[in-house]
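So this block is run02.csv, CSV, C-alpha atoms:
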```
chain,number,residue,atom,x,y,z
D,143,MET,CA,96.6,177.1,-22.2
D,144,THR,CA,95.5,174.3,-19.9
D,145,PRO,CA,97.9,171.4,-19.9
D,146,LYS,CA,96.5,168.3,-21.6
D,147,ARG,CA,95.7,165.0,-19.9
D,148,VAL,CA,96.9,162.9,-22.9
D,149,THR,CA,100.0,162.7,-25.0
D,150,ARG,CA,99.1,161.2,-28.3
D,151,PRO,CA,101.7,159.5,-30.5
D,152,ALA,CA,102.1,161.1,-33.9
D,153,ILE,CA,103.0,157.8,-35.6
D,154,PHE,CA,99.4,156.5,-35.0
D,155,GLN,CA,97.5,159.5,-36.1
D,156,SER,CA,96.6,158.3,-39.6
D,157,ILE,CA,95.2,154.8,-38.4
D,158,PRO,CA,91.4,154.9,-38.6
D,159,GLY,CA,89.6,153.9,-35.4
D,160,LEU,CA,92.8,153.6,-33.3
D,161,VAL,CA,92.9,155.1,-29.8
D,162,ALA,CA,96.3,155.5,-28.3
D,163,GLY,CA,98.0,157.7,-25.8
D,164,VAL,CA,99.9,158.2,-22.5
D,165,SER,CA,98.4,160.1,-19.7
D,166,THR,CA,100.2,163.1,-18.2
D,167,ARG,CA,100.0,164.2,-14.6
D,168,HIS,CA,97.7,167.2,-15.4
D,169,GLY,CA,94.0,167.7,-15.1
D,170,GLY,CA,93.3,165.4,-12.2
D,171,LEU,CA,91.9,165.6,-8.7
D,172,SER,CA,94.7,164.1,-6.6
D,173,GLU,CA,96.5,166.2,-4.0
D,174,SER,CA,100.3,166.2,-3.4
D,175,PRO,CA,102.4,164.0,-3.7
D,176,TYR,CA,100.0,162.5,-6.3
D,177,SER,CA,99.0,165.7,-8.0
D,178,SER,CA,97.1,165.6,-10.0
D,179,LEU,CA,96.0,162.9,-12.5
D,180,ASN,CA,97.2,159.9,-10.6
D,181,LEU,CA,96.0,156.6,-12.2
D,182,GLY,CA,97.9,154.3,-9.9
D,183,ILE,CA,95.6,151.8,-8.3
D,184,HIS,CA,98.3,150.5,-6.0
D,185,THR,CA,99.4,153.9,-4.6
D,186,ASP,CA,98.2,155.2,-1.2
D,187,ASP,CA,96.1,157.8,-2.9
D,188,SER,CA,92.3,157.8,-2.4
D,189,PRO,CA,90.7,155.0,-4.4
D,190,GLU,CA,87.7,157.2,-5.1
D,191,ILE,CA,89.9,160.0,-6.4
D,192,ILE,CA,91.9,157.5,-8.6
D,193,GLU,CA,88.6,156.2,-10.1
D,194,LYS,CA,87.5,159.8,-10.9
D,195,ASN,CA,90.9,160.5,-12.4
D,196,LEU,CA,90.6,157.4,-14.6
D,197,ALA,CA,87.1,158.6,-15.8
D,198,LEU,CA,88.5,162.0,-16.7
D,199,PHE,CA,91.4,160.4,-18.7
D,200,CYS,CA,89.2,157.9,-20.4
D,201,GLU,CA,86.7,160.7,-21.4
D,202,ASP,CA,89.5,162.7,-23.0
D,203,ILE,CA,91.0,159.8,-24.9
D,204,GLY,CA,87.6,158.4,-26.0
D,205,VAL,CA,87.1,155.1,-24.2
D,206,SER,CA,85.2,153.7,-21.2
D,207,PRO,CA,87.1,152.6,-18.1
D,208,SER,CA,85.2,149.3,-18.3
D,209,ASP,CA,86.8,148.5,-21.6
D,210,LEU,CA,90.4,148.5,-20.3
D,211,ALA,CA,92.6,145.4,-20.0
D,212,ARG,CA,95.2,146.0,-17.3
D,213,SER,CA,97.3,144.1,-14.8
D,214,TYR,CA,99.2,144.4,-11.6
D,215,GLN,CA,102.7,144.6,-13.0
D,216,VAL,CA,105.7,142.7,-11.5
D,217,HIS,CA,108.6,143.7,-13.7
D,218,GLY,CA,108.5,140.3,-15.4
D,219,ASP,CA,108.0,139.1,-19.0
D,220,LYS,CA,104.5,137.5,-18.9
D,221,ILE,CA,102.1,138.5,-21.7
D,222,TRP,CA,98.3,138.6,-21.4
D,223,VAL,CA,96.6,138.1,-24.8
D,224,THR,CA,92.9,138.9,-24.4
D,225,GLY,CA,89.7,139.7,-26.2
D,226,ARG,CA,88.0,140.9,-23.1
D,227,PRO,CA,88.6,143.7,-20.7
D,228,GLY,CA,89.5,143.2,-17.0
D,229,TYR,CA,92.2,143.4,-14.4
D,230,GLN,CA,94.8,140.6,-13.9
D,231,SER,CA,97.9,140.2,-11.9
D,232,GLY,CA,101.4,139.2,-12.9
D,233,PHE,CA,101.5,140.5,-16.5
D,234,ASP,CA,103.7,143.3,-17.9
D,235,ALA,CA,102.4,143.2,-21.4
D,236,MET,CA,98.8,143.3,-22.6
D,237,VAL,CA,97.8,142.3,-26.1
D,238,SER,CA,94.3,143.2,-27.3
D,239,VAL,CA,93.0,141.0,-30.1
D,240,GLN,CA,89.5,142.5,-30.2
D,241,PRO,CA,88.3,146.0,-31.1
D,242,GLY,CA,86.6,147.6,-28.1
D,243,VAL,CA,89.3,146.2,-25.7
D,244,PHE,CA,92.0,148.7,-24.8
D,245,ALA,CA,95.4,147.4,-23.5
D,246,GLY,CA,96.9,149.5,-20.8
D,247,VAL,CA,100.0,149.6,-18.7
D,248,SER,CA,101.0,151.7,-15.7
D,249,ILE,CA,104.3,153.7,-15.6
D,250,ALA,CA,106.3,156.3,-13.7
D,251,ASP,CA,109.8,156.0,-15.1
D,252,CYS,CA,109.7,152.6,-16.7
D,253,THR,CA,109.3,152.5,-20.5
D,254,PRO,CA,105.9,152.3,-22.0
D,255,ILE,CA,105.8,150.8,-25.5
D,256,LEU,CA,102.7,150.7,-27.7
D,257,LEU,CA,102.4,148.4,-30.7
D,258,VAL,CA,99.8,148.1,-33.4
D,259,ASP,CA,99.2,146.2,-36.6
D,260,PRO,CA,96.6,148.2,-38.6
D,261,LEU,CA,95.8,145.2,-40.7
D,262,THR,CA,95.1,142.5,-38.1
D,263,LYS,CA,93.9,145.2,-35.6
D,264,VAL,CA,96.0,143.6,-32.9
D,265,CYS,CA,97.5,146.0,-30.3
D,266,ALA,CA,99.9,145.7,-27.4
D,267,ALA,CA,100.8,147.9,-24.4
D,268,ILE,CA,104.1,146.9,-22.7
D,269,HIS,CA,105.7,148.0,-19.4
D,270,ALA,CA,109.5,147.7,-19.6
D,271,GLY,CA,111.7,148.8,-16.8
D,272,TRP,CA,115.3,147.7,-16.7
D,273,LYS,CA,114.3,144.1,-15.6
D,274,GLY,CA,111.7,143.8,-18.4
D,275,THR,CA,114.1,145.2,-20.9
D,276,VAL,CA,116.7,142.6,-19.9
D,277,ALA,CA,114.0,139.9,-20.1
D,278,ARG,CA,113.2,141.2,-23.6
D,279,ILE,CA,109.5,141.6,-22.9
D,280,VAL,CA,109.2,143.9,-25.9
D,281,GLU,CA,110.7,141.4,-28.3
D,282,LYS,CA,108.6,138.6,-26.8
D,283,THR,CA,105.4,140.6,-27.2
D,284,ALA,CA,106.1,141.6,-30.8
D,285,LYS,CA,107.0,137.9,-31.6
D,286,ARG,CA,103.6,136.9,-30.1
D,287,MET,CA,101.9,139.3,-32.6
D,288,ILE,CA,104.0,138.0,-35.5
D,289,GLU,CA,104.0,134.3,-34.8
D,290,ASN,CA,100.6,133.8,-33.2
D,291,ARG,CA,98.5,136.6,-34.6
D,292,GLY,CA,99.9,136.7,-38.2
D,293,SER,CA,101.4,140.2,-38.2
D,294,ASN,CA,104.0,141.1,-40.7
D,295,PRO,CA,106.8,143.1,-39.0
D,296,ALA,CA,106.7,145.6,-41.8
D,297,ASN,CA,103.2,146.5,-40.9
D,298,ILE,CA,103.7,147.0,-37.2
D,299,LEU,CA,104.0,150.5,-35.8
D,300,ALA,CA,105.6,151.2,-32.5
D,301,TYR,CA,105.7,154.1,-30.0
D,302,ILE,CA,108.3,154.2,-27.2
D,303,GLY,CA,106.9,156.7,-24.7
D,304,PRO,CA,108.1,159.0,-21.9
D,305,CYS,CA,110.4,157.2,-19.4
D,306,ILE,CA,113.6,157.9,-17.4
D,307,GLY,CA,116.2,159.0,-19.9
D,308,LEU,CA,119.8,158.1,-20.3
D,309,ALA,CA,121.1,161.2,-18.6
D,310,ASN,CA,119.1,160.5,-15.4
D,311,PHE,CA,119.0,156.7,-15.3
D,312,GLU,CA,122.1,156.0,-13.1
D,313,VAL,CA,122.5,152.3,-12.2
D,314,GLY,CA,124.9,150.1,-10.3
D,315,ASP,CA,127.5,147.8,-11.8
D,316,GLU,CA,125.2,144.8,-11.4
D,317,VAL,CA,122.5,146.3,-13.5
D,318,ALA,CA,124.9,147.8,-16.1
D,319,ALA,CA,126.5,144.4,-16.6
D,320,GLN,CA,123.2,143.1,-18.0
D,321,PHE,CA,123.2,145.7,-20.9
D,322,ALA,CA,125.3,145.7,-24.1
D,323,SER,CA,127.8,148.4,-24.4
D,324,GLU,CA,125.8,150.4,-27.0
D,325,TYR,CA,123.0,151.0,-24.4
D,326,LYS,CA,125.1,152.3,-21.5
D,327,THR,CA,127.7,154.9,-20.8
D,328,ARG,CA,129.9,156.1,-18.0
D,329,VAL,CA,129.2,159.6,-16.5
D,330,ASN,CA,131.4,160.7,-13.6
D,331,ASN,CA,132.4,157.0,-13.0
D,332,LYS,CA,128.7,156.0,-12.8
D,333,TRP,CA,126.8,153.9,-15.3
D,334,HIS,CA,123.9,155.2,-17.2
D,335,VAL,CA,121.5,153.1,-19.2
D,336,ASP,CA,119.4,154.0,-22.3
D,337,LEU,CA,116.1,152.1,-22.0
D,338,LYS,CA,114.6,153.6,-25.0
D,339,ALA,CA,117.4,152.6,-27.3
D,340,ALA,CA,117.6,149.1,-25.8
D,341,ASN,CA,113.9,148.5,-26.5
D,342,ALA,CA,114.0,150.1,-29.9
D,343,ALA,CA,116.8,147.7,-30.8
D,344,GLN,CA,114.6,144.7,-29.8
D,345,LEU,CA,111.9,145.8,-32.2
D,346,GLU,CA,114.4,146.5,-35.0
D,347,LYS,CA,115.9,143.1,-34.7
D,348,LEU,CA,112.5,141.7,-35.6
D,349,GLY,CA,112.1,143.9,-38.7
D,350,ILE,CA,109.9,146.5,-37.0
D,351,ILE,CA,111.3,149.8,-38.3
D,352,GLN,CA,108.3,152.2,-38.0
D,353,ILE,CA,109.1,153.5,-34.6
D,354,GLU,CA,108.5,156.8,-32.8
D,355,ILE,CA,110.6,157.5,-29.8
D,356,ASP,CA,109.2,160.2,-27.5
D,357,PRO,CA,112.0,162.5,-26.4
D,358,ALA,CA,110.4,163.2,-23.0
D,359,CYS,CA,112.2,162.1,-19.9
D,360,THR,CA,110.0,161.6,-16.8
D,361,VAL,CA,112.7,163.1,-14.6
D,362,GLU,CA,113.6,166.1,-16.7
D,363,ASN,CA,109.9,166.6,-17.6
D,364,ASN,CA,108.6,165.9,-14.1
D,365,VAL,CA,106.3,168.9,-14.3
D,366,ASP,CA,104.3,166.9,-16.9
D,367,TYR,CA,104.9,163.2,-15.9
D,368,PHE,CA,105.3,161.3,-12.7
D,369,SER,CA,108.8,160.0,-11.8
D,370,HIS,CA,109.3,157.4,-9.2
D,371,ARG,CA,113.0,158.2,-8.9
D,372,LYS,CA,112.7,162.0,-9.0
D,373,GLU,CA,110.0,162.0,-6.4
D,374,LYS,CA,111.6,159.3,-4.3
D,375,GLY,CA,108.8,156.8,-4.6
D,376,PHE,CA,106.1,159.2,-3.4
D,377,THR,CA,104.3,159.9,-6.7
D,378,GLY,CA,101.5,158.8,-8.9
D,379,ARG,CA,101.3,156.7,-12.1
D,380,MET,CA,100.5,157.3,-15.7
D,381,ILE,CA,98.7,154.9,-18.1
D,382,ALA,CA,99.8,154.1,-21.6
D,383,LEU,CA,96.8,152.8,-23.6
D,384,ILE,CA,96.0,151.4,-27.1
D,385,GLY,CA,93.2,149.8,-28.9
D,386,PHE,CA,90.7,150.0,-31.7
D,387,GLN,CA,87.2,151.4,-31.4
D,388,ILE,CA,84.4,149.1,-32.5
D,389,THR,CA,83.2,150.2,-36.0
```

If you convert what's in this file into structure tokens, what do you get?
Amino acid sequence: MTPKRVTRPAIFQSIPGLVAGVSTRHGGLSESPYSSLNLGIHTDDSPEIIEKNLALFCEDIGVSPSDLARSYQVHGDKIWVTGRPGYQSGFDAMVSVQPGVFAGVSIADCTPILLVDPLTKVCAAIHAGWKGTVARIVEKTAKRMIENRGSNPANILAYIGPCIGLANFEVGDEVAAQFASEYKTRVNNKWHVDLKAANAAQLEKLGIIQIEIDPACTVENNVDYFSHRKEKGFTGRMIALIGFQIT
């Protein structure tokens, strides 16, 4: 069986018109070390190949590349709320308030989180590395949906996608100190942090309890996903994307 270009969250499958998924590293045209479905604009891969890879991914997931709302990410907590596609800089969370606009974030170890309110049809794609997690970007984005867009937390569904897992996310004392005890552990006198659990807790604090946590670790499952840490910085990027089709 040919490996798929898209991982689709099970939690969203019953929502009419919703398109959501995370790209894998399979089915693209890039050569090593970016093999093969590299979607990272800011890598040293060929821009023409990246554009072709994006077209392949978008064709599989069912959208047009021209309908994506994305940003150059900076590991911060700024949120872009938009009803139009485009490419910005400085945002690590994209909120789509318009069907036909698909929010997307780039990842290769950091945590991708996808949120949707099926009633308001507001969607969000969030990039949360350890800095974004500490800055509570997931909580801030969900609050924006609740307070500014009228979402009821009970209606919001969340997907926490493939990222570096607890077993492989070794950090220094200065990073570990910024996480509560329940999200870190000591392994051979080294700190390890659980980004998935920390981000899930931010959602649960707001009353969002419909959450799917993907078990995949980008390091352990490096054959399927890019890992910045595993590949020592010489690797591609995936996209996590969400939005509603125009009906």

Quiz item: Which polymer residues, protein or nucleic acid, are no farther than 8 Å from (98.3, 157.2, -16.4), counting all atoms listed in the file, as a ChimeraX atom specification?
Solution: /D:164-167,179-182,196,199,248-249,379-382

Quiz item: Any idea what's packed within 12 Å of Met287 of chain D, counting all atoms listed in the file, ignoring anything in its chain fewer than 2 positions away? Could you give it as a PyMOL selection string?
Solution: chain D and resi 221-223+235-239+257-267+280-285+289-295+297-299+345+348+350

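Closest approach to Lys220 of chain D among D:Asp234, D:Asp186, D:Glu316, D:Asp366: D:Asp234, based on all atoms listed in the file.
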
Quiz item: From the list D:Ile302, D:Leu160, D:Gly375, D:Glu173, which residue is nearest Gln240 of chain D when using all atoms listed in the file?
Solution: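 Nearest to Gln240 of chain D: D:Leu160.
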
Quiz prompt | Minimum-distance residue to Leu210 of chain D, chosen among D:Ile268, D:Ala245, D:Val361, D:Ile192 (using all atoms listed in the file) | solution =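 For Leu210 of chain D, the nearest of the candidates is D:Ala245.
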
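Taking all atoms listed in the file, the non-local environment of Ile384 of chain D within 6 Å (same-chain residues fewer than 5 positions away omitted) comprises Val161, Ala162, Phe244 and Ala245 of chain D.
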